[in-house]
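Enquirer: If it helps, the file is called structure_2.csv and holds CSV, C-alpha atoms and all ligand atoms:
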```csv
chain,number,residue,atom,x,y,z
A,1,MET,CA,25.9,-19.7,-0.5
A,2,THR,CA,22.6,-18.9,-2.2
A,3,THR,CA,20.9,-15.6,-1.4
A,4,GLY,CA,18.1,-17.7,0.1
A,5,SER,CA,15.2,-20.0,-0.6
A,6,LEU,CA,12.0,-18.8,-2.2
A,7,LEU,CA,8.7,-20.8,-2.7
A,8,ILE,CA,6.6,-19.4,-5.5
A,9,LEU,CA,2.9,-20.1,-5.3
A,10,ALA,CA,1.4,-18.4,-8.3
A,11,GLY,CA,-2.2,-19.6,-7.7
A,12,ASP,CA,-5.2,-18.7,-9.8
A,13,GLY,CA,-6.5,-16.2,-12.3
A,14,ILE,CA,-4.0,-13.4,-12.9
A,15,GLY,CA,-1.7,-14.9,-10.2
A,16,PRO,CA,0.4,-16.9,-12.7
A,17,GLU,CA,0.4,-14.1,-15.2
A,18,VAL,CA,1.9,-11.5,-12.9
A,19,MET,CA,4.3,-14.1,-11.5
A,20,VAL,CA,5.8,-14.6,-15.0
A,21,GLU,CA,6.9,-10.9,-14.8
A,22,VAL,CA,8.4,-11.3,-11.3
A,23,ARG,CA,10.4,-14.3,-12.7
A,24,LYS,CA,11.8,-11.9,-15.3
A,25,VAL,CA,12.9,-9.5,-12.5
A,26,ILE,CA,14.4,-12.3,-10.5
A,27,GLY,CA,16.3,-13.5,-13.6
A,28,TRP,CA,17.6,-10.0,-14.1
A,29,PHE,CA,18.9,-9.7,-10.5
A,30,GLY,CA,20.5,-13.1,-10.9
A,31,ALA,CA,22.3,-12.2,-14.1
A,32,ASN,CA,23.3,-8.6,-13.1
A,33,ARG,CA,23.5,-8.4,-9.3
A,34,GLY,CA,24.7,-11.9,-8.3
A,35,LEU,CA,21.5,-12.8,-6.5
A,36,ASP,CA,21.1,-16.6,-6.5
A,37,PHE,CA,17.8,-17.8,-5.2
A,38,ASP,CA,17.0,-21.4,-4.5
A,39,ILE,CA,13.5,-21.3,-6.2
A,40,SER,CA,10.7,-23.9,-5.9
A,41,GLU,CA,7.2,-23.6,-7.4
A,42,ASP,CA,4.0,-25.3,-6.2
A,43,LEU,CA,0.2,-25.0,-6.4
A,44,VAL,CA,-2.2,-23.2,-4.1
A,45,GLY,CA,-5.9,-22.3,-4.2
A,46,GLY,CA,-8.1,-23.5,-7.0
A,47,ALA,CA,-5.1,-24.8,-9.0
A,48,ALA,CA,-4.1,-27.1,-6.0
A,49,TYR,CA,-7.8,-28.2,-5.6
A,50,ASP,CA,-7.9,-29.1,-9.3
A,51,ALA,CA,-4.8,-31.2,-9.0
A,52,HIS,CA,-5.1,-32.7,-5.5
A,53,GLY,CA,-8.6,-32.0,-4.2
A,54,THR,CA,-7.3,-29.6,-1.5
A,55,PRO,CA,-6.3,-25.9,-1.8
A,56,LEU,CA,-3.0,-26.6,-0.1
A,57,THR,CA,-1.4,-30.0,0.3
A,58,ASP,CA,0.4,-31.0,3.5
A,59,ALA,CA,3.6,-31.3,1.5
A,60,THR,CA,3.3,-27.7,0.2
A,61,MET,CA,2.5,-26.5,3.7
A,62,ALA,CA,5.6,-28.3,5.1
A,63,HIS,CA,7.8,-26.8,2.4
A,64,ALA,CA,6.5,-23.3,3.1
A,65,GLN,CA,7.6,-23.7,6.7
A,66,GLU,CA,11.2,-24.5,5.6
A,67,VAL,CA,11.9,-21.8,3.0
A,68,ASP,CA,13.1,-18.2,3.7
A,69,ALA,CA,10.1,-16.7,2.0
A,70,VAL,CA,6.9,-17.6,0.2
A,71,LEU,CA,5.7,-15.4,-2.7
A,72,LEU,CA,2.1,-15.9,-3.6
A,73,GLY,CA,0.1,-14.6,-6.6
A,74,ALA,CA,-3.6,-14.8,-5.9
A,75,VAL,CA,-6.2,-17.4,-5.3
A,76,GLY,CA,-9.9,-17.9,-6.1
A,77,GLY,CA,-12.3,-17.6,-9.0
A,78,PRO,CA,-16.0,-18.1,-9.9
A,79,LYS,CA,-15.4,-21.8,-10.9
A,80,TYR,CA,-14.7,-22.6,-7.2
A,81,ASP,CA,-17.7,-20.6,-5.7
A,82,VAL,CA,-19.7,-23.8,-5.5
A,83,LEU,CA,-17.1,-25.7,-3.4
A,84,ASP,CA,-17.6,-26.5,0.3
A,85,PHE,CA,-16.1,-23.8,2.5
A,86,SER,CA,-13.5,-26.2,3.8
A,87,VAL,CA,-11.9,-26.6,0.4
A,88,LYS,CA,-12.4,-23.2,-1.1
A,89,PRO,CA,-9.2,-21.6,-2.6
A,90,GLU,CA,-9.0,-19.0,0.1
A,91,ARG,CA,-8.6,-21.8,2.7
A,92,GLY,CA,-5.2,-22.5,1.3
A,93,LEU,CA,-4.1,-19.0,1.9
A,94,LEU,CA,-5.6,-18.9,5.4
A,95,ARG,CA,-3.9,-22.2,6.3
A,96,LEU,CA,-0.5,-20.7,5.2
A,97,ARG,CA,-1.0,-17.6,7.4
A,98,LYS,CA,-2.3,-19.6,10.4
A,99,GLU,CA,0.3,-22.5,10.4
A,100,MET,CA,3.2,-20.1,9.7
A,101,ASP,CA,1.8,-18.0,12.6
A,102,LEU,CA,2.2,-14.8,10.6
A,103,TYR,CA,1.2,-12.2,13.2
A,104,ALA,CA,2.5,-9.0,11.6
A,105,ASN,CA,0.8,-7.9,8.4
A,106,LEU,CA,2.8,-5.1,6.6
A,107,ARG,CA,0.8,-2.9,4.2
A,108,PRO,CA,2.8,0.0,2.7
A,109,ALA,CA,0.9,3.0,1.4
A,110,GLN,CA,3.3,4.5,-1.1
A,111,CYS,CA,2.3,7.1,-3.7
A,112,PHE,CA,4.4,7.3,-6.8
A,113,ASP,CA,4.4,10.9,-8.0
A,114,ALA,CA,3.3,9.9,-11.5
A,115,LEU,CA,0.1,8.4,-10.1
A,116,ALA,CA,-0.8,11.1,-7.6
A,117,ASP,CA,-3.7,12.2,-9.8
A,118,PHE,CA,-5.3,8.7,-9.1
A,119,SER,CA,-5.9,9.5,-5.5
A,120,SER,CA,-9.3,10.8,-4.3
A,121,LEU,CA,-7.3,13.2,-2.2
A,122,LYS,CA,-5.6,16.4,-3.3
A,123,LYS,CA,-2.3,15.8,-5.1
A,124,ASP,CA,-0.1,17.6,-2.5
A,125,VAL,CA,-1.6,15.5,0.3
A,126,VAL,CA,-0.5,12.2,-1.3
A,127,ALA,CA,2.5,13.0,-3.6
A,128,GLY,CA,5.6,11.3,-2.1
A,129,LEU,CA,3.6,9.5,0.6
A,130,ASN,CA,5.4,6.5,2.0
A,131,ILE,CA,3.9,5.0,5.2
A,132,MET,CA,3.7,1.5,6.6
A,133,ILE,CA,0.7,0.0,8.5
A,134,VAL,CA,1.6,-2.9,10.7
A,135,ARG,CA,-1.6,-4.9,11.5
A,136,GLU,CA,-1.8,-7.6,14.1
A,137,LEU,CA,-3.1,-10.6,12.1
A,138,THR,CA,-3.6,-13.6,14.3
A,139,SER,CA,-5.5,-12.5,17.3
A,140,GLY,CA,-8.1,-9.9,18.5
A,141,VAL,CA,-11.8,-9.7,17.9
A,142,TYR,CA,-11.7,-11.9,14.8
A,143,PHE,CA,-10.5,-14.9,16.9
A,144,GLY,CA,-11.6,-14.1,20.5
A,145,GLU,CA,-13.9,-16.4,22.5
A,146,PRO,CA,-16.8,-16.4,23.3
A,147,ARG,CA,-18.2,-15.7,19.9
A,148,GLY,CA,-21.5,-16.6,18.2
A,149,ILE,CA,-25.1,-15.7,17.9
A,150,ILE,CA,-27.2,-16.6,21.0
A,151,LYS,CA,-30.8,-16.3,22.0
A,152,GLU,CA,-31.5,-14.0,24.9
A,153,GLY,CA,-35.2,-13.9,25.7
A,154,ASN,CA,-37.1,-13.1,22.5
A,155,GLU,CA,-34.1,-11.8,20.5
A,156,ARG,CA,-30.8,-12.9,19.1
A,157,VAL,CA,-27.5,-11.5,20.3
A,158,GLY,CA,-24.3,-11.4,18.2
A,159,ILE,CA,-21.1,-11.7,20.3
A,160,ASN,CA,-17.5,-11.3,19.5
A,161,THR,CA,-14.7,-10.8,22.0
A,162,GLN,CA,-11.7,-8.5,21.7
A,163,ARG,CA,-8.8,-10.4,23.5
A,164,TYR,CA,-5.1,-9.7,23.5
A,165,THR,CA,-2.4,-11.2,25.6
A,166,GLU,CA,0.7,-9.2,26.6
A,167,SER,CA,2.9,-11.4,24.4
A,168,GLU,CA,0.7,-11.0,21.4
A,169,ILE,CA,0.9,-7.2,21.7
A,170,ALA,CA,4.7,-7.2,22.5
A,171,ARG,CA,5.7,-9.3,19.4
A,172,VAL,CA,3.8,-7.2,16.9
A,173,ALA,CA,5.1,-4.0,18.6
A,174,ARG,CA,8.7,-5.4,18.1
A,175,SER,CA,8.0,-5.9,14.4
A,176,ALA,CA,6.9,-2.3,14.1
A,177,PHE,CA,9.9,-0.9,16.0
A,178,GLU,CA,12.3,-3.1,13.9
A,179,LEU,CA,10.7,-1.8,10.7
A,180,ALA,CA,10.9,1.8,11.9
A,181,ARG,CA,14.6,1.5,12.5
A,182,ARG,CA,15.0,0.7,8.8
A,183,ARG,CA,12.8,3.7,7.8
A,184,ASP,CA,12.3,7.1,9.5
A,185,ASN,CA,12.5,5.7,13.0
A,186,ARG,CA,8.9,6.7,14.1
A,187,VAL,CA,6.0,4.5,15.3
A,188,CYS,CA,2.5,5.6,16.0
A,189,SER,CA,0.4,3.1,17.9
A,190,MET,CA,-3.3,3.2,17.5
A,191,GLU,CA,-6.1,1.7,19.8
A,192,LYS,CA,-9.1,2.9,21.7
A,193,ALA,CA,-7.7,3.1,25.2
A,194,ASN,CA,-10.4,5.6,26.0
A,195,VAL,CA,-13.2,3.1,25.8
A,196,MET,CA,-11.6,-0.4,25.7
A,197,GLU,CA,-9.6,-2.3,28.4
A,198,SER,CA,-7.8,-4.2,25.6
A,199,GLY,CA,-6.8,-0.8,24.3
A,200,VAL,CA,-5.4,0.3,27.7
A,201,LEU,CA,-3.3,-2.9,27.8
A,202,TRP,CA,-2.2,-2.4,24.2
A,203,ARG,CA,-1.0,1.1,24.9
A,204,ASP,CA,0.8,0.0,28.1
A,205,VAL,CA,2.6,-2.9,26.5
A,206,VAL,CA,3.7,-1.0,23.4
A,207,GLN,CA,5.1,1.7,25.7
A,208,GLU,CA,6.9,-0.9,27.9
A,209,VAL,CA,8.5,-2.7,24.9
A,210,HIS,CA,9.6,0.7,23.6
A,211,ASP,CA,11.1,1.9,26.9
A,212,ALA,CA,12.9,-1.4,27.5
A,213,GLU,CA,14.2,-2.2,23.9
A,214,TYR,CA,13.6,0.6,21.4
A,215,ALA,CA,14.1,3.9,23.3
A,216,ASP,CA,15.9,5.2,20.1
A,217,VAL,CA,12.6,5.0,18.1
A,218,GLU,CA,10.1,7.9,18.4
A,219,LEU,CA,6.8,6.5,19.7
A,220,SER,CA,3.4,8.2,19.8
A,221,HIS,CA,-0.1,6.9,20.6
A,222,MET,CA,-3.3,7.9,19.0
A,223,TYR,CA,-6.9,6.8,19.3
A,224,ALA,CA,-7.8,4.8,16.2
A,225,ASP,CA,-10.7,7.0,15.2
A,226,ALA,CA,-8.5,10.1,15.4
A,227,GLY,CA,-5.9,8.1,13.4
A,228,ALA,CA,-8.5,7.5,10.6
A,229,MET,CA,-9.1,11.3,10.5
A,230,GLN,CA,-5.4,12.1,10.4
A,231,LEU,CA,-4.8,9.5,7.7
A,232,THR,CA,-7.1,11.4,5.4
A,233,ARG,CA,-6.2,14.9,6.6
A,234,TRP,CA,-2.4,14.7,6.4
A,235,PRO,CA,-1.1,11.1,6.0
A,236,LYS,CA,2.5,12.2,5.5
A,237,GLN,CA,2.8,12.9,9.2
A,238,PHE,CA,3.2,9.1,9.8
A,239,ASP,CA,6.0,6.7,9.3
A,240,VAL,CA,5.0,3.3,10.8
A,241,ILE,CA,1.6,2.8,12.3
A,242,VAL,CA,1.0,-0.3,14.5
A,243,THR,CA,-2.5,-1.4,15.4
A,244,ASP,CA,-4.7,-4.4,16.2
A,245,ASN,CA,-6.4,-6.8,13.8
A,246,LEU,CA,-9.8,-5.0,13.5
A,247,PHE,CA,-8.5,-1.4,13.4
A,248,GLY,CA,-5.7,-2.5,11.1
A,249,ASP,CA,-8.1,-4.1,8.7
A,250,LEU,CA,-9.9,-0.8,8.3
A,251,LEU,CA,-6.9,1.6,8.5
A,252,SER,CA,-4.7,-0.4,6.0
A,253,ASP,CA,-7.5,-0.4,3.4
A,254,LEU,CA,-8.0,3.3,3.9
A,255,ALA,CA,-4.3,4.1,3.7
A,256,ALA,CA,-3.8,1.9,0.6
A,257,MET,CA,-6.6,3.6,-1.3
A,258,LEU,CA,-5.0,7.0,-0.7
A,259,THR,CA,-2.6,5.9,-3.4
A,260,GLY,CA,-4.8,4.7,-6.3
A,261,SER,CA,-5.0,1.4,-8.0
A,262,LEU,CA,-5.4,-2.1,-6.5
A,263,GLY,CA,-2.8,-3.3,-9.1
A,264,MET,CA,-0.1,-1.3,-7.3
A,265,LEU,CA,-0.4,-2.6,-3.7
A,266,PRO,CA,2.1,-5.1,-2.2
A,267,SER,CA,2.0,-6.7,1.2
A,268,ALA,CA,4.0,-8.9,3.6
A,269,SER,CA,3.0,-11.1,6.5
A,270,LEU,CA,5.8,-11.8,8.9
A,271,GLY,CA,6.1,-14.2,11.9
A,272,ALA,CA,8.7,-15.2,14.4
A,273,PRO,CA,12.4,-15.3,13.5
A,274,MET,CA,13.5,-18.8,12.3
A,275,ALA,CA,16.8,-20.4,13.3
A,276,ASN,CA,18.7,-18.4,10.7
A,277,GLY,CA,17.3,-15.1,12.1
A,278,ARG,CA,15.0,-14.5,9.2
A,279,PRO,CA,11.3,-14.1,10.0
A,280,LYS,CA,8.7,-16.6,8.7
A,281,ALA,CA,7.4,-14.6,5.7
A,282,LEU,CA,4.7,-14.6,3.1
A,283,TYR,CA,4.6,-11.9,0.4
A,284,GLU,CA,1.6,-11.3,-1.8
A,285,PRO,CA,-0.2,-8.5,-3.8
A,286,VAL,CA,-3.3,-7.1,-2.0
A,287,HIS,CA,-5.4,-7.8,-5.1
A,288,GLY,CA,-7.2,-11.1,-5.8
A,289,SER,CA,-7.3,-13.3,-8.9
A,290,ALA,CA,-9.2,-10.7,-11.0
A,291,PRO,CA,-11.3,-13.3,-13.0
A,292,ASP,CA,-12.8,-10.4,-15.1
A,293,ILE,CA,-9.4,-9.8,-16.8
A,294,ALA,CA,-7.6,-13.1,-16.3
A,295,GLY,CA,-6.0,-14.6,-19.4
A,296,GLN,CA,-6.2,-11.4,-21.4
A,297,GLY,CA,-2.7,-10.0,-20.7
A,298,LYS,CA,-4.2,-6.9,-19.0
A,299,ALA,CA,-3.2,-7.5,-15.4
A,300,ASN,CA,-0.8,-5.0,-13.8
A,301,PRO,CA,2.2,-7.0,-12.4
A,302,ILE,CA,3.5,-4.1,-10.3
A,303,ALA,CA,1.8,-5.2,-7.0
A,304,CYS,CA,3.5,-8.6,-7.3
A,305,VAL,CA,6.8,-7.1,-8.3
A,306,LEU,CA,6.7,-4.7,-5.3
A,307,SER,CA,5.8,-7.7,-3.1
A,308,PHE,CA,9.1,-9.3,-4.3
A,309,ALA,CA,10.9,-6.0,-3.5
A,310,MET,CA,9.5,-6.3,0.1
A,311,ALA,CA,10.9,-9.9,0.2
A,312,LEU,CA,14.3,-8.6,-0.9
A,313,ARG,CA,14.3,-6.1,1.9
A,314,TYR,CA,12.7,-8.0,4.8
A,315,SER,CA,13.7,-11.6,4.1
A,316,PHE,CA,16.9,-11.4,2.2
A,317,ASP,CA,18.5,-8.2,3.6
A,318,LYS,CA,18.9,-6.8,0.1
A,319,GLY,CA,17.7,-3.3,0.8
A,320,ASP,CA,19.8,-1.7,-2.0
A,321,GLU,CA,18.3,-4.1,-4.6
A,322,ALA,CA,14.8,-3.5,-3.2
A,323,ALA,CA,15.2,0.2,-3.5
A,324,MET,CA,16.6,-0.3,-7.0
A,325,LEU,CA,13.5,-2.3,-8.0
A,326,GLU,CA,11.2,0.4,-6.5
A,327,ALA,CA,13.1,3.0,-8.4
A,328,ALA,CA,12.7,1.0,-11.6
A,329,VAL,CA,8.9,0.9,-11.1
A,330,GLU,CA,8.9,4.7,-10.4
A,331,LYS,CA,10.9,5.3,-13.6
A,332,VAL,CA,8.5,3.2,-15.7
A,333,LEU,CA,5.5,5.1,-14.3
A,334,ALA,CA,7.2,8.5,-14.8
A,335,ASP,CA,7.9,7.5,-18.4
A,336,GLY,CA,4.1,7.1,-18.9
A,337,VAL,CA,4.1,3.3,-19.2
A,338,ARG,CA,0.6,2.2,-18.1
A,339,THR,CA,-1.4,-1.0,-17.9
A,340,ALA,CA,-5.1,-0.5,-18.4
A,341,ASP,CA,-5.9,-0.1,-14.7
A,342,LEU,CA,-3.6,2.9,-14.6
A,343,MET,CA,-5.1,4.7,-17.6
A,344,GLN,CA,-6.9,8.0,-17.2
A,345,ALA,CA,-10.1,8.4,-19.2
A,346,ASP,CA,-8.4,10.7,-21.6
A,347,GLY,CA,-6.0,8.3,-22.9
A,348,GLY,CA,-3.1,6.8,-24.6
A,349,SER,CA,-2.9,3.1,-25.2
A,350,PRO,CA,-2.2,0.6,-22.4
A,351,VAL,CA,0.7,-1.9,-22.4
A,352,SER,CA,0.2,-5.6,-21.7
A,353,THR,CA,1.3,-7.4,-18.5
A,354,SER,CA,4.3,-8.7,-20.3
A,355,GLU,CA,5.2,-5.3,-21.8
A,356,MET,CA,5.1,-3.8,-18.2
A,357,GLY,CA,7.4,-6.5,-17.0
A,358,ASP,CA,9.8,-5.9,-19.9
A,359,ALA,CA,9.7,-2.1,-19.2
A,360,ILE,CA,10.6,-2.7,-15.5
A,361,VAL,CA,13.6,-4.9,-16.5
A,362,ALA,CA,14.7,-2.3,-19.0
A,363,ALA,CA,14.5,0.4,-16.3
A,364,LEU,CA,16.6,-1.8,-14.0
A,365,GLU,CA,19.2,-2.0,-16.8
A,366,THR,CA,19.4,1.9,-16.9
A,367,LEU,CA,19.7,2.1,-13.1
A,368,ASN,CA,22.4,-0.6,-12.7
B,401,LIG,P1,-9.9,-8.7,-7.2
B,401,LIG,O1,-8.8,-8.0,-6.5
B,401,LIG,O2,-9.5,-9.9,-7.9
B,401,LIG,O3,-10.4,-7.7,-8.4
B,401,LIG,C1,-11.1,-6.5,-8.1
B,401,LIG,C2,-11.0,-5.5,-9.4
B,401,LIG,O4,-9.7,-5.0,-9.5
B,401,LIG,C3,-11.3,-6.3,-10.6
B,401,LIG,O5,-12.0,-5.4,-11.5
B,401,LIG,C4,-9.9,-6.6,-11.2
B,401,LIG,O6,-9.9,-6.7,-12.6
B,401,LIG,C5,-9.1,-5.4,-10.7
B,401,LIG,N1,-7.7,-5.8,-10.5
B,401,LIG,C6,-7.2,-6.6,-9.4
B,401,LIG,N2,-5.9,-6.8,-9.5
B,401,LIG,C7,-5.5,-6.1,-10.7
B,401,LIG,C8,-4.3,-6.0,-11.3
B,401,LIG,N3,-3.2,-6.6,-10.9
B,401,LIG,N4,-4.2,-5.4,-12.5
B,401,LIG,C9,-5.4,-4.8,-13.0
B,401,LIG,N5,-6.6,-4.9,-12.4
B,401,LIG,C10,-6.7,-5.5,-11.3
B,401,LIG,O7,-11.1,-8.9,-6.2
B,401,LIG,P2,-12.5,-9.6,-6.5
B,401,LIG,O8,-12.9,-9.4,-7.9
B,401,LIG,O9,-13.3,-9.2,-5.4
B,401,LIG,O10,-12.2,-11.2,-6.3
B,401,LIG,C11,-11.9,-12.1,-7.3
B,401,LIG,C12,-11.4,-13.4,-6.7
B,401,LIG,O11,-10.2,-13.2,-6.0
B,401,LIG,C13,-12.4,-14.0,-5.7
B,401,LIG,O12,-12.4,-15.4,-5.9
B,401,LIG,C14,-11.8,-13.6,-4.4
B,401,LIG,O13,-12.2,-14.5,-3.4
B,401,LIG,C15,-10.3,-13.7,-4.7
B,401,LIG,N6,-9.5,-12.9,-3.8
B,401,LIG,C16,-8.3,-13.4,-3.5
B,401,LIG,C17,-7.4,-12.6,-2.8
B,401,LIG,C18,-6.0,-13.2,-2.5
B,401,LIG,O14,-5.6,-14.1,-3.2
B,401,LIG,N7,-5.3,-12.7,-1.6
B,401,LIG,C19,-7.7,-11.3,-2.4
B,401,LIG,C20,-9.0,-10.8,-2.7
B,401,LIG,C21,-9.8,-11.6,-3.5
```
What do you get writing this file as structure tokens?

Expert:
Amino acid sequence: MTTGSLLILAGDGIGPEVMVEVRKVIGWFGANRGLDFDISEDLVGGAAYDAHGTPLTDATMAHAQEVDAVLLGAVGGPKYDVLDFSVKPERGLLRLRKEMDLYANLRPAQCFDALADFSSLKKDVVAGLNIMIVRELTSGVYFGEPRGIIKEGNERVGINTQRYTESEIARVARSAFELARRRDNRVCSMEKANVMESGVLWRDVVQEVHDAEYADVELSHMYADAGAMQLTRWPKQFDVIVTDNLFGDLLSDLAAMLTGSLGMLPSASLGAPMANGRPKALYEPVHGSAPDIAGQGKANPIACVLSFAMALRYSFDKGDEAAMLEAAVEKVLADGVRTADLMQADGGSPVSTSEMGDAIVAALETLN
């Protein structure tokens, strides 16, 4: 029995560079903790366009539907800016998310003590922060119909529609409650039930799912604007936040930036459980392909390494190993090892992408 199947799509720019470091980590878990992944690799984004004229082939898409988890690096780059919208690198990523029906986007906001000075907030507000935002990813105002720009009399009118069905709300609520049970067992649901009917329904359905299936989890409700204020005032009051696509887009970026560098931020997008009980899953760093530093050995691999830690926890049920990997990252940072993006103005010399990967593996060694 292997631990599970993993499809690696390194993509463009710094994607392949940070993925090399994740492969070192996977190799270490194989040699030292008996994890045995059935790994395949393929192309996505600009790399797939260069080879096949499409940012994601049908064969890669079909394979992504079959594996336990997909780990993606990043897509895009200036070379592809001239391409038609239909074959731009980002379309490959969007196709994966859409066809795998990944409706729950998990964005942790975790502040490692050693980096608390990087936050724009006071150190005591963010030190030790560990919250999770669950954003509904496949419905809501970004997809609702009618939409468009129409002419009304002498002027144009822009229209978008916020639309949620009960089942769309219920399934993302379940994702949030399941997550909370693995954490501090608390969920705060955010909407605008004071001014939006879709918000009233959102609140009702989240409460119903809670009462029927997750009464053991502590549930609270908050208006999303108040939630934004509370996230900057005292973010540590939250454990899991669940919210819709639009509010989640804003709140997850806000929460992520509480913690500092883009090079540190992992994410997961989960869908419905497959026949083996594991959710459809795509793990990826929040950052893009960083063309300004690609090929220079400067990229911070931690966001991608932490995305793999999320895969260990949520796809492969290896919570102990995930915690170990996060502890290794924490140790490396506490020891003062820094890629360029994590350097303060005053100094020291940065390590390369590869040296950061080696340091994480060395830290795993000491924690084993
Ligand atoms: P970006 O995230 O690639 O880079 C923004 C800034 O952060 C850059 O200065 C970059 O050097 C820095 N940065 C990002 N990741 C880093 C890391 N791991 N280590 C150190 N520094 C890091 O965003 P952008 O510049 O707006 O976009 C560049 C390309 O990436 C575009 O083609 C864009 O469409 C694409 N993009 C892809 C994704 C994705 O694959 N999910 C997400 C965002 C942007």

Enquirer: Given only C-alpha atoms as the basis, pick out the residue of A:Val75, A:Val126, A:Ile133, A:Ala48 nearest to His287 (chain A).

Expert: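 Looking at the shortest contact to His287 (chain A), the residue is A:Val75.
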
Enquirer: From the options A:Ala340, A:Leu254, A:Ala31, A:Leu246, which residue's atoms come nearest to ligand LIG 401 (chain B), counting only C-alpha atoms and all ligand atoms?

Expert: A:Ala340

Enquirer: Which value, in Å to one decimal, gives the distance between CA of Ala309 (chain A) and CA of Asn130 (chain A)?

Expert: 14.7 Å

Enquirer: Under the rule that only C-alpha atoms and all ligand atoms are counted, which of A:Lys123, A:Lys192, A:Arg338, A:Lys298 is the nearest residue to ligand LIG 401 (chain B)?

Expert: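 Once distances to ligand LIG 401 (chain B) are computed over only C-alpha atoms and all ligand atoms, the minimum belongs to A:Lys298.
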
Enquirer: Would you please work out which residue, of A:Leu83, A:Leu201, A:Ile149, A:Met61, is nearest to ligand LIG 401 (chain B) when using only C-alpha atoms and all ligand atoms?

Expert: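 Smallest separation from ligand LIG 401 (chain B) among the options: A:Leu83.
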
Enquirer: What is the CA of Gly319 (chain A)-CA of Ala104 (chain A) distance in Å, reported with one decimal?

Expert: 19.5 Å

Enquirer: Please write out the residues within 6 Å of ligand LIG 401 (chain B) as a PDB file with C-alpha atoms, keeping the file's coordinate frame, counting only C-alpha atoms and all ligand atoms.

Expert:
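Saved file out.pdb follows:
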```
ATOM      1  CA  ALA A  74      -3.600 -14.800  -5.900  1.00  0.00           C
ATOM      2  CA  VAL A  75      -6.200 -17.400  -5.300  1.00  0.00           C
ATOM      3  CA  GLY A  76      -9.900 -17.900  -6.100  1.00  0.00           C
ATOM      4  CA  GLY A  77     -12.300 -17.600  -9.000  1.00  0.00           C
ATOM      5  CA  LEU A 262      -5.400  -2.100  -6.500  1.00  0.00           C
ATOM      6  CA  GLY A 263      -2.800  -3.300  -9.100  1.00  0.00           C
ATOM      7  CA  VAL A 286      -3.300  -7.100  -2.000  1.00  0.00           C
ATOM      8  CA  HIS A 287      -5.400  -7.800  -5.100  1.00  0.00           C
ATOM      9  CA  GLY A 288      -7.200 -11.100  -5.800  1.00  0.00           C
ATOM     10  CA  SER A 289      -7.300 -13.300  -8.900  1.00  0.00           C
ATOM     11  CA  ALA A 290      -9.200 -10.700 -11.000  1.00  0.00           C
ATOM     12  CA  PRO A 291     -11.300 -13.300 -13.000  1.00  0.00           C
ATOM     13  CA  ASP A 292     -12.800 -10.400 -15.100  1.00  0.00           C
ATOM     14  CA  ILE A 293      -9.400  -9.800 -16.800  1.00  0.00           C
ATOM     15  CA  ALA A 299      -3.200  -7.500 -15.400  1.00  0.00           C
ATOM     16  CA  ASN A 300      -0.800  -5.000 -13.800  1.00  0.00           C
ATOM     17  CA  PRO A 301       2.200  -7.000 -12.400  1.00  0.00           C
ATOM     18  CA  ASP A 341      -5.900  -0.100 -14.700  1.00  0.00           C
TER      19      ASP A 341
END
```

Enquirer: Work out how far apart CA of Asp50 (chain A) and CA of Leu282 (chain A) are and give it in Å to one decimal.

Expert: 22.9 Å

Enquirer: Quick one: residues within 9 Å of Arg97 (chain A), only C-alpha atoms counted, chain neighbours fewer than 4 positions away excluded, as a PyMOL selection string?

Expert: chain A and resi 92-93+101-103+137-138+269+282

Enquirer: Using C-alpha atoms, can you write the selected residues to a file as a PDB file, keeping the file's coordinate frame?

Expert:
```
ATOM      1  CA  GLY A  92      -5.200 -22.500   1.300  1.00  0.00           C
ATOM      2  CA  LEU A  93      -4.100 -19.000   1.900  1.00  0.00           C
ATOM      3  CA  ASP A 101       1.800 -18.000  12.600  1.00  0.00           C
ATOM      4  CA  LEU A 102       2.200 -14.800  10.600  1.00  0.00           C
ATOM      5  CA  TYR A 103       1.200 -12.200  13.200  1.00  0.00           C
ATOM      6  CA  LEU A 137      -3.100 -10.600  12.100  1.00  0.00           C
ATOM      7  CA  THR A 138      -3.600 -13.600  14.300  1.00  0.00           C
ATOM      8  CA  SER A 269       3.000 -11.100   6.500  1.00  0.00           C
ATOM      9  CA  LEU A 282       4.700 -14.600   3.100  1.00  0.00           C
TER      10      LEU A 282
END
```

Enquirer: Could you list as a list in words every residue that has an atom within 9 Å of (7.6, 5.1, -10.4), using the file's coordinates and counting all atoms listed in the file?

Expert: Cys111, Phe112, Asp113, Ala114, Leu115, Glu326, Ala327, Ala328, Val329, Glu330, Lys331, Val332, Leu333, Ala334 and Asp335 of chain A

Enquirer: Find the residues around Asn105 (chain A) up to 12 Å (all atoms listed in the file counted), leave out those fewer than 6 positions away in its own chain, and share them as a PyMOL selection string.

Expert: chain A and resi 97+132-139+172-173+175-176+179+241-245+248-249+252+266-271+280-284+286

Enquirer: Tell me which protein, DNA and RNA residues are within 8 Å of Tyr49 (chain A), counting all atoms listed in the file, leaving out same-chain ones fewer than 6 positions away, and put them as a count of residues only.

Expert: 4

Enquirer: Might you pull out every residue within 8 Å of Met19 (chain A), with all atoms listed in the file counted and same-chain residues fewer than 3 positions away left off, and present them as a tab-separated table (two decimals) with C-alpha atoms, keeping the file's coordinate frame?

Expert:
```tsv
chain	number	residue	atom	x	y	z
A	10	ALA	CA	1.40	-18.40	-8.30
A	15	GLY	CA	-1.70	-14.90	-10.20
A	16	PRO	CA	0.40	-16.90	-12.70
A	22	VAL	CA	8.40	-11.30	-11.30
A	23	ARG	CA	10.40	-14.30	-12.70
A	73	GLY	CA	0.10	-14.60	-6.60
A	301	PRO	CA	2.20	-7.00	-12.40
A	304	CYS	CA	3.50	-8.60	-7.30
```
